[in-house]
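A short write-up of the structure that comes next.
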Amino acid sequence: MTPLFDGLAAFCRGRDSRQFSIEEATRDYLSRIEREDPELGAFLSTNSNAVNRARQLDNRMARNPAPSPFYGYPVAIKDNLHVAGLPTTCASRMLANFRPLENATVVERLLQSGAIVLGKTNMDEFAMGSSTENSAMGVTRNPWDLRRVPGGSSGGSAVAVAADLAPMALGSDTGGSIRQPAAFCGVLGLKPTYGRISRYGLVAFSSSLDQIGPFARRAEDALQMMLLLSGPDGRDMTVASRDPAEMERDFRADVRGKVIGLPEEFFGDGLDPDVRASLDRAREVLSGEGAVFRPIRLPSAQYGINVYYLIATSEAASNLSRYDGVRYGYRSLKSKNIRDMYTHTRQEGFGPEVKRRILLGTFALSAGYQDQYYRKAQQVQSLIREEFDRAFHEVDMIFAPTTPTPPFLFGEKVSDPLAMYLSDIYTISANLAGLPALSAPSWPTPSGLPVGVQLIGPAWSEGRLLRSAAILEEAVGIRRPSVGTTRGGEAA
Ligand code: GLN
């Protein structure tokens with residue numbers, strides 16, 4: 001069964017013409033979640049107040065027209081973003097019973113515009129992972145093939161949108177956690193420019209890299225979400241005072257004559273032939289619209305993974321030191337003294353990948369090693385940034401695969417951390433350079449698995465990237481996995 005509406009514009013038309021009430025739309029999504037999610041595992045919690053809120057919004061709309069496109073619009077939120085009244089678990093035992101008192105700024109902006117939170121979505125524990133297999137709360141399955149992972153760390157948000165359990169969702173992206181699951185699930189995912197959106201109320205992983213961004217089916221919807229969420233916030237001083245309206249202007253502009261760079265390093269041996277073939281078709285579409293492709297070099301991008309696993313783990317080791325059993329979350333009851341309590345709490349509260357990261361980061365920052373590791377990583381990070389800067393003197397955006405392969409099988413990489421880390425090889429450099437990047441659906445592989453095209457732009461070029469995504473969307477069409485008992489494959 002298809003949802004009551006398809007896309008934000010259709011939602012607004014249906015709502016304003018009273019084709020359906022906000023309550024009906026909300027109930028429709030909640031019942032989809034109830035029906036489909038036991039199999040998919042996208043949600044960790046649902047909002048028991050959603051229907052009440054919908055009713056209130058309907059009542060208010062009986063007197064006044066809807067004040068915002070998002071008025072009554074249902075959304076899903078990754079479980080590392082605070083929604084007051086719902087748990088924030090980060091899919092960790094450490095926060096299994098944690099309830100925030102405040103909303104994240106992005107959630108606050110959604111609620112003020114009248115949006116309805118459907119629930120919180122599954123993820124890799126503390127956003128560390130690329131398959132959602134690191135969740136302490138259970139698996140999330142890829143709706144295109146239930147034997148495969150949805151990607152991660154925002155796997156639940158990607159699946160929620162791909163399987164029509166929510167029309168849009170929010171995720172976070174530190175090294176690829178929005179783009180990679182978007183590619184694996186066949187939806188659009190955007191990581192904004194560092195400093196575009198407030199992270200207040202996002203549980204910090206690596207603060208110099210983390211960004212919040214949308215999952216959507218349509219580029220236009222992602223743009224509207226970006227316009228709503230962007231801009232300064234007194235509670236996150238890293239947000240720039242950049243006019244969001246520029247994104248809308250760029251989105252309306254043509255791609256004719258735009259120069260698109262093809263980085264040689266992103267099309268090397270490690271790239272799956274089916275992904276490559278799909279990308280070739282996508283490239284033809286943009287050429288057909290008048291974009292001009294040109295080869296470029298990003299030689300330092302190959303060090304991205306090394307740099308990332310020093311910087312991100314160092315920051316994570318520091319950010320996660322707050323989980324001590326005193327101030328937040330889980331506390332082990334085994335302990336005889338305070339030292340013992342810290343040890344047991346962290347031993348029992350964190351999963352293996354989180355522990356690995358804390359150990360790596362603590363080592364990298366330990367006395368005598370800082371210059372060798374952390375400082376070195378920062379130097380290479382500067383090189384990566386400079387190479388992108390140079391490239392953007394010649395090209396307007398960069399075209400690349402989002403992932404080297406289509407979605408992989410459960411268990412395929414989870415016992416080999418390096419293999420798992422390599423699945424982010426194409427996404428990480430945009431985080432290290434602070435640049436906006438998105439993954440848009442391309443044509444699926446011959447066996448029907450989703451493929452993502454990644455577009456990376458200079459800072460503040462989200463509108464331009466979304467324009468190209470809209471062109472691809474038109475060519476590829478909106479594809480949906482078949483739902484119900486015969487999952488896998490495409491809906492009729
Ligand atoms: N997969 C990467 C990691 O494991 C990126 C995660 C993210 O972007 N949050 O760290």
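So you can find residues: chains in the structure tokens are A, B, ... in the order shown, residues in each start at 1, and ligands are numbered from 1 in order.
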
Any residue with an atom at most 8 Å from ligand 1 counts, using only C-alpha atoms and all ligand atoms. Which are they? Put them as a PyMOL selection string. chain A and resi 126-131+152-154+172-178+205+210+309+312+420-421+423-424+428

Env of A:Val453: 7 Å cut, atoms = only C-alpha atoms, seq-sep filter 6 positions within chain, self excluded. Answer as a list in words.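 My list of contacting residues is Leu279, Ala400, Pro401, Thr402, Ser439, Ala440, Pro441 and Ser442 of chain A.
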
So the first atom is atom CA of A:Phe11 and the second is atom CA of A:Ala25; what is the distance between them in Å, to one decimal place? 8.8 Å

What is the atom CA of A:Leu359-atom CA of A:Ala317 distance in Å, reported with one decimal?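 Rounded to one decimal, the two atoms are 7.4 Å apart.
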
One residue among A:Asp58, A:Asp16, A:Glu220, A:Glu248 is nearest to A:Leu188 when using only C-alpha atoms, and that residue is A:Glu220

Looking at A:Ser31, A:Thr121, A:Ser208, A:Asn142, which one is nearest to A:Ser482, with distances taken over only C-alpha atoms?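 Of A:Ser31, A:Thr121, A:Ser208, A:Asn142, the one nearest A:Ser482 is A:Asn142, counting only C-alpha atoms.
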
Would you work out the distance separating atom CA of A:Phe98 from atom CA of A:Asn47, expressed in Å to one decimal?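 Going from atom CA of A:Phe98 over to atom CA of A:Asn47 covers 15.4 Å.
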
Once DSSP has gone over the backbone, tell me which residues of stretch 206-411 of chain A are in helix (DSSP H, G or I), as a PyMOL selection string. chain A and resi 219-229+245-252+264-267+273-288+299-322+338-349+352-365+371-394

Applying 8 Å and only C-alpha atoms, which residues near A:Thr132 remain after dropping the ones on its own chain fewer than 3 positions away? List them as a PyMOL selection string. chain A and resi 122-125+129+135+139-140+149-156

Quick one: write out the picked residues with N, CA, C and O atoms as an mmCIF file, in the first residue's frame?
```cif
data_model
loop_
_atom_site.group_PDB
_atom_site.id
_atom_site.type_symbol
_atom_site.label_atom_id
_atom_site.label_comp_id
_atom_site.auth_asym_id
_atom_site.auth_seq_id
_atom_site.Cartn_x
_atom_site.Cartn_y
_atom_site.Cartn_z
ATOM 1 N N ASN A 122 17.009 3.443 14.827
ATOM 2 C CA ASN A 122 18.171 2.634 15.208
ATOM 3 C C ASN A 122 19.436 3.129 14.510
ATOM 4 O O ASN A 122 19.378 3.783 13.459
ATOM 5 N N MET A 123 20.570 2.793 15.092
ATOM 6 C CA MET A 123 21.858 3.309 14.610
ATOM 7 C C MET A 123 22.966 2.423 15.162
ATOM 8 O O MET A 123 22.741 1.629 16.062
ATOM 9 N N ASP A 124 24.173 2.581 14.625
ATOM 10 C CA ASP A 124 25.316 1.971 15.278
ATOM 11 C C ASP A 124 25.541 2.700 16.597
ATOM 12 O O ASP A 124 25.365 3.927 16.685
ATOM 13 N N GLU A 125 25.956 1.963 17.604
ATOM 14 C CA GLU A 125 26.153 2.535 18.934
ATOM 15 C C GLU A 125 27.006 3.814 18.859
ATOM 16 O O GLU A 125 28.103 3.793 18.298
ATOM 17 N N GLY A 129 30.064 3.141 13.164
ATOM 18 C CA GLY A 129 29.857 1.956 12.349
ATOM 19 C C GLY A 129 29.276 2.304 10.998
ATOM 20 O O GLY A 129 28.947 3.466 10.730
ATOM 21 N N SER A 135 24.590 -1.712 16.809
ATOM 22 C CA SER A 135 23.540 -1.312 17.753
ATOM 23 C C SER A 135 23.432 -2.341 18.866
ATOM 24 O O SER A 135 23.475 -3.546 18.608
ATOM 25 N N VAL A 139 19.079 -5.626 15.163
ATOM 26 C CA VAL A 139 19.420 -5.300 13.772
ATOM 27 C C VAL A 139 18.346 -4.471 13.077
ATOM 28 O O VAL A 139 17.175 -4.507 13.439
ATOM 29 N N THR A 140 18.792 -3.759 12.064
ATOM 30 C CA THR A 140 17.904 -3.091 11.109
ATOM 31 C C THR A 140 18.194 -3.713 9.752
ATOM 32 O O THR A 140 19.355 -3.871 9.381
ATOM 33 N N VAL A 149 22.663 -5.463 5.041
ATOM 34 C CA VAL A 149 22.657 -4.349 6.002
ATOM 35 C C VAL A 149 22.104 -3.098 5.321
ATOM 36 O O VAL A 149 22.187 -2.957 4.100
ATOM 37 N N PRO A 150 21.565 -2.183 6.138
ATOM 38 C CA PRO A 150 21.058 -0.930 5.582
ATOM 39 C C PRO A 150 22.147 0.132 5.472
ATOM 40 O O PRO A 150 21.879 1.244 5.046
ATOM 41 N N GLY A 151 23.367 -0.205 5.891
ATOM 42 C CA GLY A 151 24.402 0.827 6.034
ATOM 43 C C GLY A 151 24.284 1.462 7.407
ATOM 44 O O GLY A 151 23.417 1.100 8.207
ATOM 45 N N GLY A 152 25.199 2.379 7.691
ATOM 46 C CA GLY A 152 25.162 3.015 9.007
ATOM 47 C C GLY A 152 26.067 4.220 9.025
ATOM 48 O O GLY A 152 26.729 4.520 8.044
ATOM 49 N N SER A 153 26.083 4.942 10.075
ATOM 50 C CA SER A 153 25.403 4.576 11.284
ATOM 51 C C SER A 153 23.919 4.925 11.325
ATOM 52 O O SER A 153 23.175 4.374 12.130
ATOM 53 N N SER A 154 23.436 5.798 10.422
ATOM 54 C CA SER A 154 22.011 6.186 10.495
ATOM 55 C C SER A 154 21.131 5.181 9.751
ATOM 56 O O SER A 154 20.224 5.576 9.002
ATOM 57 N N GLY A 155 21.363 3.883 9.951
ATOM 58 C CA GLY A 155 20.624 2.862 9.205
ATOM 59 C C GLY A 155 19.117 2.930 9.415
ATOM 60 O O GLY A 155 18.344 2.776 8.466
ATOM 61 N N GLY A 156 18.685 3.175 10.637
ATOM 62 C CA GLY A 156 17.246 3.210 10.920
ATOM 63 C C GLY A 156 16.543 4.339 10.177
ATOM 64 O O GLY A 156 15.449 4.148 9.628
#
```
